[in-house]
Amino acid sequence: MRFGIFYEHQLPRPWTEGLELKLFQDALDQVELADKLGFDNVWEVEHHFLEEYSHSSAPEIFLAACSQRTKQIRLGHGIVLMPPGYNHPARVAERIATLDLVSNGRVEWGTGESSAWAELGGYGVPVAEKRPAWREAVEQCANMLAMDPYPGFQGQYFSMPCRNVVPKSVQRPHPPLWVACSNRETIKLAARLGIGALTFAFVDPAEASQWVEDYYRIFREECVPIGHAVNPNICMVSSFGLHHDAAVARQRFQEGFRFFQFALGWHYGFGEQIPGRTSIWDLFLKAQGAMAAAPAGGGIASAAEGGIGTPDDLRAHLAKFEACGVDQVAFIQQSGRNQHEHICDALELFAGEVMGEFKEREAARVAKKTEALAPFVEAAFKRKQWMAPLADADIPPVIALGRQVAETGAAPAQPARAAARAAWREALEKAEKA
């Protein structure tokens, strides 16, 4: 398996001066350390207005900073919010390509739509339309990255005329595509579309086995790629926290992970947030008595907390996921009030005593999997309906605004814009008939 670290940038109240600065600087130090230790991926979320749970509203900036402090670790958007109400698809394409360039081709392009009303309502994204808006935006953004020029698009959720979106990414036709999955239905959708499944759900190995089986069965039988390349992979998140003494590991990391679960539930399931005032940390402290208590001795409190314990505990936990066919595990190490020094110690302990044996088996596993899936990938692309490129003669010119003013004596009015839209629609129709 491959291994990643996962960031929400959690910051429980109270927020004292300099705490946000320390949060981000510590995270950069952790990513730099993870790169040196041989971790494969760093995943960074995009969330908006989710106080305490996630202060990561501009992941492209954080990942760009990571790119300049690392050499090998891959930089994962976990995820970009794709409905155009959040991000225009062309802006996503531009940012993904630029990050790929400054990182020398290390981007993983995770996508999603959100299920938090604070985000959806804040940006005016209708709940009923978020899934089809995500799908439209992902497909067109992939076209923008791969096509030269992008022919233009008249869609349900966004439209734009023919433009050549630059720069282009190092990884062609585009970086590996993923989607956030919180349930089995979304993981099935990921398989049908030929993209990786970032499974942001804490499932036990028995359930994970069924998710993996569903994903690869559907990929083999039904895949029609949404992008210009496929990425058949499953990544599952896990709790994380290591020490040679299991009691110390729980003391250092268990509360932070439980806050992660509580704050997730608060923003997505049962909470009522007063912006700028509600203290989720205080509510969590009051609710801890109702949450599962750790057992006496060296055991693990629950399957969700299977990543917290000794190196042997984590080795056994990961072996179950490996046996299920999970491709990558991403660790939630920065949560609640987990301390930077403890996180770094745990990363070093994992790299020194656990990671190596899984890494030894990775190259052979990937080679075998790639060979087995090759005929199904070929069949999947035969089912895809490609966006037709424009012939050179059909690419509509973009006339500079100054020239339009000089020739007409005024800035273009609505009729001129309508005529331009009609011109590129006509060009698209010609291309589709060709």
# chains A, B, ... in the order shown; residues from 1 in each chain; ligands from 1
>>> select_by_dssp(residues="region 149-379 of chain A", states="helix (DSSP H, G or I)", output="MDAnalysis selection string")
chainID A and resid 184:193 205:222 246:270 280:290 303:305 311:324 340:353 355:360 362:379
>>> closest_atom_pairs(of="region 236-354 of chain A", to="region 207-228 of chain A", cutoff="9 Å", atoms="only C-alpha atoms", output="CSV")
residue,atom,partner,partner_atom,distance
A:Met236,CA,A:Ala208,CA,8.6
A:Phe321,CA,A:Ala208,CA,7.2
A:Ala323,CA,A:Ser209,CA,8.3
A:Cys324,CA,A:Ser209,CA,4.8
A:Gly325,CA,A:Val212,CA,6.5
A:Val326,CA,A:Val212,CA,6.8
>>> write_last_selection(atoms="N, CA and C atoms", output="PDB file, in the first residue's frame")
ATOM      1  N   MET A 236      -8.359   5.031   1.652  1.00  0.00           N
ATOM      2  CA  MET A 236      -9.207   5.106   2.836  1.00  0.00           C
ATOM      3  C   MET A 236      -8.495   5.862   3.943  1.00  0.00           C
ATOM      4  N   PHE A 321      -6.479  -3.910   5.839  1.00  0.00           N
ATOM      5  CA  PHE A 321      -6.833  -3.114   4.672  1.00  0.00           C
ATOM      6  C   PHE A 321      -6.061  -3.575   3.441  1.00  0.00           C
ATOM      7  N   ALA A 323      -5.088  -6.584   2.841  1.00  0.00           N
ATOM      8  CA  ALA A 323      -5.702  -7.838   2.414  1.00  0.00           C
ATOM      9  C   ALA A 323      -6.999  -7.595   1.647  1.00  0.00           C
ATOM     10  N   CYS A 324      -7.685  -6.488   1.929  1.00  0.00           N
ATOM     11  CA  CYS A 324      -8.932  -6.146   1.235  1.00  0.00           C
ATOM     12  C   CYS A 324      -8.686  -5.593  -0.155  1.00  0.00           C
ATOM     13  N   GLY A 325      -7.465  -5.175  -0.445  1.00  0.00           N
ATOM     14  CA  GLY A 325      -7.168  -4.582  -1.737  1.00  0.00           C
ATOM     15  C   GLY A 325      -7.186  -3.072  -1.754  1.00  0.00           C
ATOM     16  N   VAL A 326      -7.157  -2.437  -0.567  1.00  0.00           N
ATOM     17  CA  VAL A 326      -7.078  -0.980  -0.487  1.00  0.00           C
ATOM     18  C   VAL A 326      -5.724  -0.533  -1.030  1.00  0.00           C
TER      19      VAL A 326
END
>>> closest_atom_pairs(of="region 264-379 of chain A", to="region 13-37 of chain A", cutoff="12 Å", atoms="only C-alpha atoms", output="JSON lines")
{"residue": "A:Gly276", "atom": "CA", "partner": "A:Arg13", "partner_atom": "CA", "distance": 10.5}
{"residue": "A:Arg277", "atom": "CA", "partner": "A:Arg13", "partner_atom": "CA", "distance": 9.9}
{"residue": "A:Thr278", "atom": "CA", "partner": "A:Arg13", "partner_atom": "CA", "distance": 9.1}
{"residue": "A:Ser279", "atom": "CA", "partner": "A:Arg13", "partner_atom": "CA", "distance": 6.1}
{"residue": "A:Ile280", "atom": "CA", "partner": "A:Arg13", "partner_atom": "CA", "distance": 7.4}
{"residue": "A:Trp281", "atom": "CA", "partner": "A:Arg13", "partner_atom": "CA", "distance": 6.0}
{"residue": "A:Asp282", "atom": "CA", "partner": "A:Arg13", "partner_atom": "CA", "distance": 7.9}
{"residue": "A:Leu283", "atom": "CA", "partner": "A:Arg13", "partner_atom": "CA", "distance": 10.7}
{"residue": "A:Phe284", "atom": "CA", "partner": "A:Arg13", "partner_atom": "CA", "distance": 11.0}
{"residue": "A:Leu285", "atom": "CA", "partner": "A:Arg13", "partner_atom": "CA", "distance": 11.6}
{"residue": "A:Phe331", "atom": "CA", "partner": "A:Ala34", "partner_atom": "CA", "distance": 11.5}
{"residue": "A:Gln333", "atom": "CA", "partner": "A:Gln30", "partner_atom": "CA", "distance": 10.0}
{"residue": "A:Gln334", "atom": "CA", "partner": "A:Ala27", "partner_atom": "CA", "distance": 8.2}
{"residue": "A:Ser335", "atom": "CA", "partner": "A:Leu23", "partner_atom": "CA", "distance": 10.8}
{"residue": "A:Gly336", "atom": "CA", "partner": "A:Arg13", "partner_atom": "CA", "distance": 9.8}
{"residue": "A:Arg337", "atom": "CA", "partner": "A:Arg13", "partner_atom": "CA", "distance": 9.8}
{"residue": "A:Asn338", "atom": "CA", "partner": "A:Leu23", "partner_atom": "CA", "distance": 10.7}
{"residue": "A:Gln339", "atom": "CA", "partner": "A:Asp26", "partner_atom": "CA", "distance": 9.5}
{"residue": "A:His340", "atom": "CA", "partner": "A:Asp26", "partner_atom": "CA", "distance": 6.4}
{"residue": "A:Glu341", "atom": "CA", "partner": "A:Asp26", "partner_atom": "CA", "distance": 9.2}
{"residue": "A:His342", "atom": "CA", "partner": "A:Gln30", "partner_atom": "CA", "distance": 10.8}
{"residue": "A:Ile343", "atom": "CA", "partner": "A:Gln30", "partner_atom": "CA", "distance": 7.8}
{"residue": "A:Cys344", "atom": "CA", "partner": "A:Gln30", "partner_atom": "CA", "distance": 6.4}
{"residue": "A:Asp345", "atom": "CA", "partner": "A:Gln30", "partner_atom": "CA", "distance": 10.2}
{"residue": "A:Ala346", "atom": "CA", "partner": "A:Ala34", "partner_atom": "CA", "distance": 10.7}
{"residue": "A:Leu347", "atom": "CA", "partner": "A:Ala34", "partner_atom": "CA", "distance": 7.0}
{"residue": "A:Glu348", "atom": "CA", "partner": "A:Leu37", "partner_atom": "CA", "distance": 7.0}
{"residue": "A:Leu349", "atom": "CA", "partner": "A:Leu37", "partner_atom": "CA", "distance": 10.0}
{"residue": "A:Phe350", "atom": "CA", "partner": "A:Leu37", "partner_atom": "CA", "distance": 9.2}
{"residue": "A:Ala351", "atom": "CA", "partner": "A:Leu37", "partner_atom": "CA", "distance": 6.1}
{"residue": "A:Gly352", "atom": "CA", "partner": "A:Leu37", "partner_atom": "CA", "distance": 8.3}
{"residue": "A:Glu353", "atom": "CA", "partner": "A:Leu37", "partner_atom": "CA", "distance": 11.5}
{"residue": "A:Val354", "atom": "CA", "partner": "A:Leu37", "partner_atom": "CA", "distance": 11.8}
{"residue": "A:Met355", "atom": "CA", "partner": "A:Leu37", "partner_atom": "CA", "distance": 9.6}
{"residue": "A:Gly356", "atom": "CA", "partner": "A:Leu37", "partner_atom": "CA", "distance": 10.4}
>>> write_last_selection(atoms="N, CA, C and O atoms", output="short mmCIF file (atom, residue, chain, number, x, y, z; two decimals), in the first residue's frame")
data_model
loop_
_atom_site.label_atom_id
_atom_site.label_comp_id
_atom_site.auth_asym_id
_atom_site.auth_seq_id
_atom_site.Cartn_x
_atom_site.Cartn_y
_atom_site.Cartn_z
N GLY A 276 -19.06 32.61 14.21
CA GLY A 276 -18.19 33.45 15.01
C GLY A 276 -18.39 33.34 16.51
O GLY A 276 -17.66 33.98 17.29
N ARG A 277 -19.36 32.54 16.96
CA ARG A 277 -19.66 32.48 18.40
C ARG A 277 -19.68 31.08 18.98
O ARG A 277 -19.21 30.86 20.10
N THR A 278 -20.22 30.11 18.28
CA THR A 278 -20.33 28.76 18.84
C THR A 278 -18.95 28.16 19.09
O THR A 278 -18.07 28.23 18.22
N SER A 279 -18.77 27.56 20.26
CA SER A 279 -17.53 26.84 20.58
C SER A 279 -17.80 25.35 20.49
O SER A 279 -18.38 24.76 21.40
N ILE A 280 -17.38 24.74 19.38
CA ILE A 280 -17.57 23.30 19.21
C ILE A 280 -16.71 22.53 20.20
O ILE A 280 -17.10 21.48 20.70
N TRP A 281 -15.55 23.08 20.53
CA TRP A 281 -14.67 22.40 21.50
C TRP A 281 -15.36 22.28 22.86
O TRP A 281 -15.33 21.20 23.48
N ASP A 282 -16.00 23.34 23.32
CA ASP A 282 -16.71 23.26 24.60
C ASP A 282 -17.84 22.24 24.55
O ASP A 282 -18.06 21.48 25.51
N LEU A 283 -18.56 22.21 23.45
CA LEU A 283 -19.65 21.24 23.30
C LEU A 283 -19.09 19.82 23.27
O LEU A 283 -19.69 18.90 23.83
N PHE A 284 -17.96 19.65 22.61
CA PHE A 284 -17.31 18.34 22.57
C PHE A 284 -16.91 17.87 23.96
O PHE A 284 -17.15 16.71 24.33
N LEU A 285 -16.32 18.76 24.75
CA LEU A 285 -15.90 18.38 26.10
C LEU A 285 -17.10 17.92 26.93
O LEU A 285 -17.01 16.97 27.72
N PHE A 331 -3.60 9.02 6.77
CA PHE A 331 -3.71 9.13 8.22
C PHE A 331 -4.21 10.51 8.64
O PHE A 331 -3.72 11.55 8.16
N GLN A 333 -3.73 12.71 11.32
CA GLN A 333 -2.84 12.90 12.46
C GLN A 333 -3.00 14.29 13.08
O GLN A 333 -2.73 14.47 14.26
N GLN A 334 -3.47 15.26 12.28
CA GLN A 334 -3.66 16.61 12.79
C GLN A 334 -5.14 16.82 13.06
O GLN A 334 -5.92 17.09 12.17
N SER A 335 -5.55 16.63 14.32
CA SER A 335 -6.95 16.78 14.68
C SER A 335 -7.04 17.25 16.12
O SER A 335 -6.16 16.98 16.95
N GLY A 336 -8.12 17.96 16.40
CA GLY A 336 -8.29 18.47 17.76
C GLY A 336 -7.09 19.28 18.20
O GLY A 336 -6.61 20.15 17.48
N ARG A 337 -6.60 18.95 19.40
CA ARG A 337 -5.44 19.65 19.94
C ARG A 337 -4.19 18.76 19.97
O ARG A 337 -3.32 18.92 20.83
N ASN A 338 -4.11 17.84 19.03
CA ASN A 338 -2.90 17.02 18.93
C ASN A 338 -1.68 17.93 18.80
O ASN A 338 -1.69 18.90 18.06
N GLN A 339 -0.62 17.58 19.50
CA GLN A 339 0.56 18.43 19.55
C GLN A 339 1.53 18.12 18.41
O GLN A 339 1.75 16.95 18.06
N HIS A 340 2.11 19.17 17.88
CA HIS A 340 3.04 19.05 16.75
C HIS A 340 4.16 18.06 17.04
O HIS A 340 4.48 17.21 16.20
N GLU A 341 4.77 18.16 18.20
CA GLU A 341 5.90 17.28 18.54
C GLU A 341 5.45 15.81 18.57
O GLU A 341 6.19 14.92 18.12
N HIS A 342 4.26 15.55 19.10
CA HIS A 342 3.76 14.17 19.15
C HIS A 342 3.46 13.64 17.75
O HIS A 342 3.70 12.46 17.46
N ILE A 343 2.94 14.51 16.88
CA ILE A 343 2.67 14.10 15.50
C ILE A 343 3.97 13.72 14.80
O ILE A 343 4.06 12.67 14.15
N CYS A 344 4.98 14.54 14.94
CA CYS A 344 6.27 14.25 14.30
C CYS A 344 6.87 12.96 14.85
O CYS A 344 7.41 12.14 14.08
N ASP A 345 6.79 12.76 16.15
CA ASP A 345 7.31 11.52 16.75
C ASP A 345 6.59 10.30 16.17
O ASP A 345 7.22 9.28 15.85
N ALA A 346 5.28 10.41 16.01
CA ALA A 346 4.50 9.28 15.50
C ALA A 346 4.82 9.00 14.03
O ALA A 346 4.90 7.84 13.62
N LEU A 347 4.99 10.06 13.23
CA LEU A 347 5.36 9.86 11.83
C LEU A 347 6.71 9.15 11.72
O LEU A 347 6.89 8.24 10.89
N GLU A 348 7.66 9.56 12.54
CA GLU A 348 8.98 8.94 12.51
C GLU A 348 8.93 7.49 12.97
O GLU A 348 9.59 6.62 12.39
N LEU A 349 8.11 7.21 13.98
CA LEU A 349 7.99 5.84 14.47
C LEU A 349 7.35 4.95 13.41
O LEU A 349 7.79 3.81 13.19
N PHE A 350 6.34 5.45 12.74
CA PHE A 350 5.69 4.66 11.69
C PHE A 350 6.68 4.37 10.56
O PHE A 350 6.78 3.24 10.07
N ALA A 351 7.39 5.40 10.11
CA ALA A 351 8.34 5.21 9.02
C ALA A 351 9.47 4.27 9.40
O ALA A 351 9.95 3.48 8.57
N GLY A 352 9.88 4.32 10.67
CA GLY A 352 11.00 3.50 11.10
C GLY A 352 10.65 2.05 11.35
O GLY A 352 11.51 1.17 11.18
N GLU A 353 9.39 1.76 11.75
CA GLU A 353 9.08 0.40 12.20
C GLU A 353 7.95 -0.29 11.45
O GLU A 353 7.77 -1.50 11.61
N VAL A 354 7.16 0.45 10.65
CA VAL A 354 5.99 -0.18 10.04
C VAL A 354 5.96 -0.03 8.52
O VAL A 354 5.69 -0.99 7.80
N MET A 355 6.25 1.13 8.02
CA MET A 355 6.01 1.44 6.61
C MET A 355 6.80 0.55 5.67
O MET A 355 6.30 0.14 4.61
N GLY A 356 8.02 0.23 6.00
CA GLY A 356 8.91 -0.45 5.07
C GLY A 356 8.39 -1.76 4.54
O GLY A 356 8.49 -2.03 3.34
#
>>> atom_distance(atom1="CA of Cys162 (chain A)", atom2="CA of Leu193 (chain A)")
25.2 Å
>>> closest_residue(among="A:His88, A:His267, A:Lys433, A:Lys168", to="Met387 (chain A)", atoms="only C-alpha atoms")
A:Lys433
>>> closest_residue(among="A:Tyr268, A:Tyr150, A:Trp178, A:Phe240", to="His47 (chain A)", atoms="only C-alpha atoms")
A:Tyr268
>>> residues_around(residues="Gln68 (chain A)", least_positions_apart="5", cutoff="10 Å", atoms="only C-alpha atoms", output="MDAnalysis selection string")
chainID A and resid 32 63 102:103
>>> residues_around(residues="Ala146 (chain A)", least_positions_apart="5", cutoff="12 Å", atoms="only C-alpha atoms", output="PyMOL selection string")
chain A and resi 93-94+97+139-141+151+164-175+227-229+386-387+389
>>> residues_around(residues="region 70-83 of chain A", least_positions_apart="5", cutoff="6 Å", atoms="only C-alpha atoms", output="PyMOL selection string")
chain A and resi 32+35+40-46+106-113+133-134
>>> atom_distance(atom1="CA of Gln10 (chain A)", atom2="CA of Tyr53 (chain A)")
5.0 Å
>>> closest_atom_pairs(of="region 206-319 of chain A", to="region 361-371 of chain A", cutoff="12 Å", atoms="only C-alpha atoms", output="CSV")
residue,atom,partner,partner_atom,distance
A:Tyr216,CA,A:Lys369,CA,10.7
A:Val230,CA,A:Thr370,CA,11.5
A:Asn231,CA,A:Thr370,CA,10.6
A:Pro232,CA,A:Thr370,CA,9.3
A:Asn233,CA,A:Lys369,CA,10.3
A:Ala319,CA,A:Arg361,CA,11.8
>>> atom_distance(atom1="CA of Ala137 (chain A)", atom2="CA of Pro89 (chain A)")
5.7 Å
>>> select_by_dssp(residues="region 6-237 of chain A", states="strand (DSSP E)", output="ChimeraX atom specification")
/A:6-7,41-44,74-81,107-112,153-154,159-160,177-181,196-199,234-237
